[in-house]
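Asks: What follows is target_16.csv, CSV, C-alpha atoms.
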chain,number,residue,atom,x,y,z
A,8,MET,CA,13.9,16.4,38.1
A,9,LYS,CA,16.4,15.2,35.6
A,10,LEU,CA,15.5,12.3,33.3
A,11,LYS,CA,18.2,10.1,34.9
A,12,GLN,CA,16.6,10.7,38.3
A,13,LEU,CA,13.4,9.1,37.3
A,14,PRO,CA,12.7,5.5,38.4
A,15,LYS,CA,13.9,3.2,35.6
A,16,THR,CA,10.3,1.9,35.2
A,17,GLU,CA,9.2,5.4,34.3
A,18,LEU,CA,11.7,5.9,31.5
A,19,PRO,CA,9.9,5.8,28.1
A,20,ARG,CA,12.1,3.0,26.7
A,21,GLU,CA,11.7,0.8,29.7
A,22,LYS,CA,7.9,1.5,29.8
A,23,LEU,CA,7.5,0.5,26.2
A,24,ILE,CA,9.3,-2.8,26.7
A,25,LYS,CA,7.4,-3.6,29.9
A,26,PHE,CA,3.9,-2.3,29.1
A,27,GLY,CA,3.8,-2.0,25.3
A,28,LYS,CA,3.8,1.0,22.9
A,29,GLU,CA,0.0,1.5,23.4
A,30,ASN,CA,0.6,2.5,27.0
A,31,LEU,CA,3.0,5.4,26.3
A,32,SER,CA,1.8,9.0,26.2
A,33,ASP,CA,2.3,11.2,23.2
A,34,SER,CA,5.1,13.0,25.0
A,35,GLU,CA,6.8,9.7,25.8
A,36,LEU,CA,6.6,8.5,22.2
A,37,LEU,CA,8.0,11.8,21.0
A,38,ALA,CA,10.8,11.6,23.5
A,39,LEU,CA,11.8,8.2,22.1
A,40,ILE,CA,12.0,9.7,18.6
A,41,LEU,CA,14.0,12.8,19.7
A,42,LYS,CA,16.4,10.7,21.9
A,43,THR,CA,18.1,13.7,23.6
A,44,GLY,CA,17.1,17.0,25.1
A,45,THR,CA,19.1,20.2,25.3
A,46,LYS,CA,21.3,21.9,27.9
A,47,GLU,CA,18.3,23.6,29.3
A,48,GLU,CA,15.8,20.7,29.4
A,49,ASN,CA,15.8,16.9,29.2
A,50,VAL,CA,14.1,15.1,26.4
A,51,MET,CA,10.8,14.6,28.3
A,52,GLU,CA,10.6,18.3,29.0
A,53,LEU,CA,11.5,19.1,25.3
A,54,SER,CA,8.7,16.8,24.2
A,55,LEU,CA,6.2,18.4,26.4
A,56,ASN,CA,7.3,21.8,25.2
A,57,ILE,CA,6.8,20.8,21.6
A,58,LEU,CA,3.3,19.5,22.3
A,59,ASN,CA,2.5,22.7,24.1
A,60,LYS,CA,3.6,24.7,21.1
A,61,ILE,CA,1.7,22.7,18.5
A,62,GLU,CA,-1.3,22.3,20.8
A,63,LYS,CA,-2.2,18.7,19.7
A,64,ILE,CA,-0.2,15.8,18.3
A,65,GLU,CA,-2.2,15.8,15.0
A,66,ASN,CA,-0.7,19.2,14.2
A,67,LEU,CA,2.7,17.7,13.9
A,68,LYS,CA,2.0,16.4,10.4
A,69,GLU,CA,1.2,19.9,9.2
A,70,ILE,CA,4.4,21.5,10.3
A,71,ASN,CA,7.2,21.9,7.7
A,72,TYR,CA,10.9,22.1,8.2
A,73,GLU,CA,11.1,25.8,8.8
A,74,GLY,CA,8.2,25.7,11.3
A,75,LEU,CA,10.0,23.0,13.3
A,76,LEU,CA,13.2,25.1,13.5
A,77,LYS,CA,11.2,27.9,15.2
A,78,ILE,CA,10.5,25.7,18.2
A,79,LYS,CA,13.1,26.1,20.9
A,80,GLY,CA,15.2,23.0,21.3
A,81,ILE,CA,14.6,21.8,17.7
A,82,GLY,CA,17.7,21.9,15.4
A,83,LYS,CA,18.2,20.7,11.9
A,84,ALA,CA,18.8,17.0,12.9
A,85,LYS,CA,15.7,16.8,15.2
A,86,ALA,CA,13.6,18.6,12.6
A,87,ILE,CA,14.6,16.1,9.9
A,88,GLU,CA,13.9,13.1,12.2
A,89,LEU,CA,10.4,14.4,13.0
A,90,LEU,CA,9.6,15.1,9.4
A,91,ALA,CA,10.8,11.6,8.4
A,92,VAL,CA,8.7,9.9,11.1
A,93,THR,CA,5.5,11.9,10.4
A,94,GLU,CA,5.8,11.2,6.6
A,95,LEU,CA,6.4,7.5,7.2
A,96,SER,CA,3.4,7.4,9.5
A,97,LYS,CA,1.3,9.2,6.9
A,98,ARG,CA,2.3,6.7,4.2
A,99,LEU,CA,1.7,3.7,6.4
A,100,TYR,CA,-1.8,4.9,7.3
A,101,PHE,CA,-2.9,5.9,3.9
A,102,GLN,CA,-1.5,2.9,2.1
A,103,THR,CA,-3.2,0.6,4.5
A,104,GLU,CA,-6.5,2.4,4.4
A,105,GLU,CA,-6.6,3.1,0.7
A,106,ARG,CA,-6.4,-0.6,-0.2
A,107,LYS,CA,-9.8,-1.1,1.5
A,108,ILE,CA,-11.5,1.7,-0.5
A,109,LYS,CA,-13.1,1.2,-3.9
A,110,LEU,CA,-11.7,4.1,-6.0
A,111,SER,CA,-14.8,4.3,-8.1
A,112,THR,CA,-15.3,8.1,-8.5
A,113,PRO,CA,-13.0,11.1,-9.0
A,114,LYS,CA,-14.2,12.6,-5.7
A,115,ILE,CA,-13.1,9.5,-3.8
A,116,ILE,CA,-9.7,9.5,-5.5
A,117,PHE,CA,-9.3,13.2,-4.8
A,118,GLU,CA,-10.2,12.8,-1.1
A,119,THR,CA,-7.9,9.9,-0.6
A,120,ASN,CA,-4.9,11.3,-2.5
A,121,LYS,CA,-4.9,15.1,-1.9
A,122,HIS,CA,-2.5,14.7,1.0
A,123,LEU,CA,0.2,13.7,-1.5
A,124,PHE,CA,0.4,17.3,-2.8
A,125,ASP,CA,0.5,19.3,0.5
A,126,ASN,CA,2.8,22.2,0.3
A,127,LEU,CA,4.4,21.2,-3.0
A,128,LYS,CA,6.0,23.9,-5.2
A,129,GLN,CA,6.3,21.8,-8.4
A,130,GLU,CA,4.1,19.3,-10.2
A,131,HIS,CA,4.2,15.6,-9.2
A,132,PHE,CA,2.7,13.0,-11.4
A,133,TYR,CA,1.4,9.7,-9.9
A,134,CYS,CA,-0.3,6.7,-11.4
A,135,LEU,CA,-2.8,4.6,-9.4
A,136,TYR,CA,-2.8,1.0,-10.6
A,137,LEU,CA,-6.2,-0.7,-9.9
A,138,ASN,CA,-7.5,-4.2,-10.0
A,139,THR,CA,-10.8,-5.3,-11.6
A,140,LYS,CA,-12.7,-4.1,-8.5
A,141,LYS,CA,-11.2,-0.6,-8.8
A,142,GLU,CA,-9.2,-1.2,-5.6
A,143,LEU,CA,-5.7,0.2,-5.3
A,144,ILE,CA,-2.8,-2.3,-6.1
A,145,GLU,CA,0.0,0.3,-6.0
A,146,ARG,CA,0.6,4.0,-6.3
A,147,LYS,CA,3.7,5.2,-8.1
A,148,LEU,CA,5.3,8.6,-8.3
A,149,LEU,CA,6.7,8.6,-11.8
A,150,PHE,CA,7.6,12.2,-12.7
A,151,MET,CA,8.3,15.6,-11.2
A,152,GLY,CA,8.4,19.0,-12.8
A,153,THR,CA,6.3,20.8,-15.4
A,154,LEU,CA,4.4,18.1,-17.3
A,155,ASN,CA,4.4,17.7,-21.0
A,156,LYS,CA,4.3,14.9,-23.5
A,157,SER,CA,8.1,14.8,-23.8
A,158,ILE,CA,8.7,14.4,-20.0
A,159,VAL,CA,5.9,11.9,-19.1
A,160,HIS,CA,7.0,8.7,-20.8
A,161,PRO,CA,4.1,6.3,-21.5
A,162,ARG,CA,6.6,3.3,-21.4
A,163,GLU,CA,7.2,4.0,-17.7
A,164,ILE,CA,3.5,4.2,-17.0
A,165,PHE,CA,2.6,1.0,-18.8
A,166,LYS,CA,5.8,-0.9,-17.7
A,167,GLU,CA,4.6,-0.6,-14.1
A,168,ALA,CA,1.1,-1.6,-15.1
A,169,TYR,CA,2.3,-4.9,-16.6
A,170,LYS,CA,4.6,-5.6,-13.6
A,171,LEU,CA,1.6,-5.1,-11.2
A,172,SER,CA,-0.9,-6.9,-13.5
A,173,ALA,CA,-3.2,-3.9,-13.2
A,174,SER,CA,-6.6,-3.8,-14.9
A,175,SER,CA,-6.7,0.0,-15.2
A,176,ILE,CA,-4.9,3.2,-14.5
A,177,VAL,CA,-5.8,6.5,-13.0
A,178,CYS,CA,-3.2,9.3,-13.5
A,179,ILE,CA,-3.1,12.2,-11.0
A,180,HIS,CA,-1.0,15.3,-10.8
A,181,ASN,CA,-1.1,18.7,-9.1
A,182,HIS,CA,-1.2,22.3,-10.2
A,183,PRO,CA,0.8,24.3,-7.6
A,184,SER,CA,-0.8,27.5,-8.9
A,185,GLY,CA,-4.1,26.4,-7.3
A,186,ASP,CA,-6.0,26.3,-10.6
A,187,PRO,CA,-6.8,22.7,-11.6
A,188,THR,CA,-7.9,23.7,-15.1
A,189,PRO,CA,-6.0,21.5,-17.6
A,190,SER,CA,-3.4,23.1,-19.9
A,191,SER,CA,-3.0,22.3,-23.5
A,192,ASP,CA,-0.1,19.9,-22.6
A,193,ASP,CA,-2.3,18.2,-20.0
A,194,ILE,CA,-5.0,17.6,-22.7
A,195,MET,CA,-2.5,16.3,-25.3
A,196,LEU,CA,-0.9,14.0,-22.7
A,197,THR,CA,-4.2,12.6,-21.6
A,198,ASN,CA,-5.4,11.9,-25.1
A,199,SER,CA,-2.1,10.2,-25.9
A,200,LEU,CA,-2.2,8.0,-22.7
A,201,ILE,CA,-5.8,7.0,-23.3
A,202,LYS,CA,-5.0,5.9,-26.9
A,203,ILE,CA,-2.0,3.9,-25.7
A,204,GLY,CA,-3.9,2.4,-22.9
A,205,ASN,CA,-6.6,1.2,-25.2
A,206,ILE,CA,-4.0,-0.4,-27.5
A,207,ASN,CA,-2.4,-2.2,-24.6
A,208,GLN,CA,-5.8,-3.2,-23.1
A,209,ILE,CA,-4.9,-1.4,-19.8
A,210,PRO,CA,-7.2,1.6,-20.0
A,211,VAL,CA,-6.4,4.9,-18.5
A,212,ILE,CA,-9.8,5.6,-17.0
A,213,ASP,CA,-9.1,9.1,-15.7
A,214,HIS,CA,-6.6,11.8,-15.3
A,215,ILE,CA,-7.3,14.0,-12.3
A,216,ILE,CA,-5.6,17.4,-11.7
A,217,PHE,CA,-5.4,18.4,-8.1
A,218,SER,CA,-5.4,21.8,-6.4
A,219,GLU,CA,-5.6,22.4,-2.7
A,220,ASN,CA,-9.4,22.4,-2.5
A,221,SER,CA,-10.7,21.2,-5.8
A,222,TYR,CA,-9.9,19.0,-8.8
A,223,PHE,CA,-10.5,18.5,-12.5
A,224,SER,CA,-11.4,15.1,-13.8
A,225,PHE,CA,-11.0,14.3,-17.5
A,226,TYR,CA,-13.5,11.5,-17.1
A,227,GLU,CA,-16.2,13.8,-15.6
A,228,SER,CA,-15.5,16.4,-18.3
A,229,SER,CA,-15.5,14.0,-21.3
A,230,LYS,CA,-19.2,14.7,-22.0
A,231,ASN,CA,-18.1,18.2,-22.8
A,232,ASN,CA,-15.7,17.0,-25.5
A,233,ILE,CA,-12.6,18.0,-23.6
A,234,ILE,CA,-11.1,14.6,-24.5
Please express what this file holds, its structure, as structure tokens.

Replies:
Amino acid sequence: MKLKQLPKTELPREKLIKFGKENLSDSELLALILKTGTKEENVMELSLNILNKIEKIENLKEINYEGLLKIKGIGKAKAIELLAVTELSKRLYFQTEERKIKLSTPKIIFETNKHLFDNLKQEHFYCLYLNTKKELIERKLLFMGTLNKSIVHPREIFKEAYKLSASSIVCIHNHPSGDPTPSSDDIMLTNSLIKIGNINQIPVIDHIIFSENSYFSFYESSKNNII
């Protein structure tokens, strides 16, 4: 049966309006995002085909651009749309949930932020701006590329802290190599930021380096005189 042959009340858009978004199936929601099908299958059939390929809807957030293009019926435009929607959903979920969590240990910070670095090929440097209760006020991506003292500008880090009235800062970045051991540049940068934070009375309480499955915390390692 072609999509236009379905009763109007069974079409995803009309169902959403009449019954609410909660009452649509995964395939119907996916069909609304995709908008159109292909010459061989309508948009509902395409949606079901995608779900069959990925096995369950949660797997959609793990597929990259190249992986989506391998699914029959998904071209560049549809792949980009799906990536944009899944990334937006991820950000909405994590930003809402993270504000409820007290970021009081490096392990909690690692677990709640490791998704930021999935499949990245270069270093990304974020600052987490915290209130007096160690709750997240805002998270900012400030720099990308190989990190060193000349690229990471303290003025950008502390400018944001003043704007947000942050009480403290946690810096996080990734090592795409998979080894979270700090480089000499990482150590120099961290020492510099800690000193500037103390002068500005907005302490940098940790700098955490992420790999896929582990992390290095300068705070945890400070007893070993690393900083």

Asks: Which residues of region 149-201 of chain A come within 6 Å of region 214-223 of chain A, and for each one, what is the closest pair of atoms and their distance in Å to one decimal, counting only C-alpha atoms, sorted by chain and residue number, as JSON lines?

Replies:
{"residue": "A:Val177", "atom": "CA", "partner": "A:His214", "partner_atom": "CA", "distance": 5.8}
{"residue": "A:Cys178", "atom": "CA", "partner": "A:His214", "partner_atom": "CA", "distance": 4.6}
{"residue": "A:Ile179", "atom": "CA", "partner": "A:Ile215", "partner_atom": "CA", "distance": 4.8}
{"residue": "A:His180", "atom": "CA", "partner": "A:Ile216", "partner_atom": "CA", "distance": 5.1}
{"residue": "A:Asn181", "atom": "CA", "partner": "A:Phe217", "partner_atom": "CA", "distance": 4.4}
{"residue": "A:His182", "atom": "CA", "partner": "A:Ser218", "partner_atom": "CA", "distance": 5.7}
{"residue": "A:Gly185", "atom": "CA", "partner": "A:Ser218", "partner_atom": "CA", "distance": 4.9}
{"residue": "A:Pro187", "atom": "CA", "partner": "A:Ile216", "partner_atom": "CA", "distance": 5.4}

Asks: Quick one: write out the picked residues with C-alpha atoms as a PDB file, in the coordinates of the input?

Replies:
ATOM      1  CA  VAL A 177      -5.800   6.500 -13.000  1.00  0.00           C
ATOM      2  CA  CYS A 178      -3.200   9.300 -13.500  1.00  0.00           C
ATOM      3  CA  ILE A 179      -3.100  12.200 -11.000  1.00  0.00           C
ATOM      4  CA  HIS A 180      -1.000  15.300 -10.800  1.00  0.00           C
ATOM      5  CA  ASN A 181      -1.100  18.700  -9.100  1.00  0.00           C
ATOM      6  CA  HIS A 182      -1.200  22.300 -10.200  1.00  0.00           C
ATOM      7  CA  GLY A 185      -4.100  26.400  -7.300  1.00  0.00           C
ATOM      8  CA  PRO A 187      -6.800  22.700 -11.600  1.00  0.00           C
TER       9      PRO A 187
END

Asks: Need the shell around Ile176 (chain A): protein/DNA/RNA residues with any atom at most 9 Å away, counting all atoms listed in the file. Skip same-chain ones fewer than 5 positions apart. Format as a list in words?

Replies: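 Answer for this query is Cys134, Leu135, Tyr136, Leu137, Ile164, Phe165, Ala168, Gly204, Ile209, Pro210, Val211, Ile212, Asp213 and His214 of chain A.
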
Asks: Looking at A:Met151, A:Met51, A:Leu37, A:Leu75, which one is nearest to Gln129 (chain A), with distances taken over only C-alpha atoms?

Replies: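 The closest residue to Gln129 (chain A) is A:Met151.
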
Asks: Figure out the distance between CA of Thr93 (chain A) and CA of Lys68 (chain A), please, to one decimal in Å.

Replies: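 These atoms are spaced 5.7 Å apart.
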
Asks: Kindly give the distance, in Å, that separates CA of Leu95 (chain A) and CA of Leu55 (chain A), rounded to a single decimal.

Replies: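 Between CA of Leu95 (chain A) and CA of Leu55 (chain A) the gap is 22.1 Å.
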
Asks: Can you tell me how far CA of Arg146 (chain A) sits from CA of Ser190 (chain A), in Å to one decimal?

Replies: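 Going from CA of Arg146 (chain A) over to CA of Ser190 (chain A), I get 23.8 Å.
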
Asks: So, counting all atoms listed in the file, which residue among A:Lys141, A:Phe132, A:Tyr169, A:Leu127 is closest to Leu196 (chain A)?

Replies: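 Ranking A:Lys141, A:Phe132, A:Tyr169, A:Leu127 by distance to Leu196 (chain A), first place goes to A:Phe132.
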
Asks: Just the residues within 10 Å of Ile57 (chain A), please, counting only C-alpha atoms, with nothing from its chain fewer than 6 positions along; format it as a ChimeraX atom specification.

Replies: /A:34,37,51,63-64,67,75,78-81
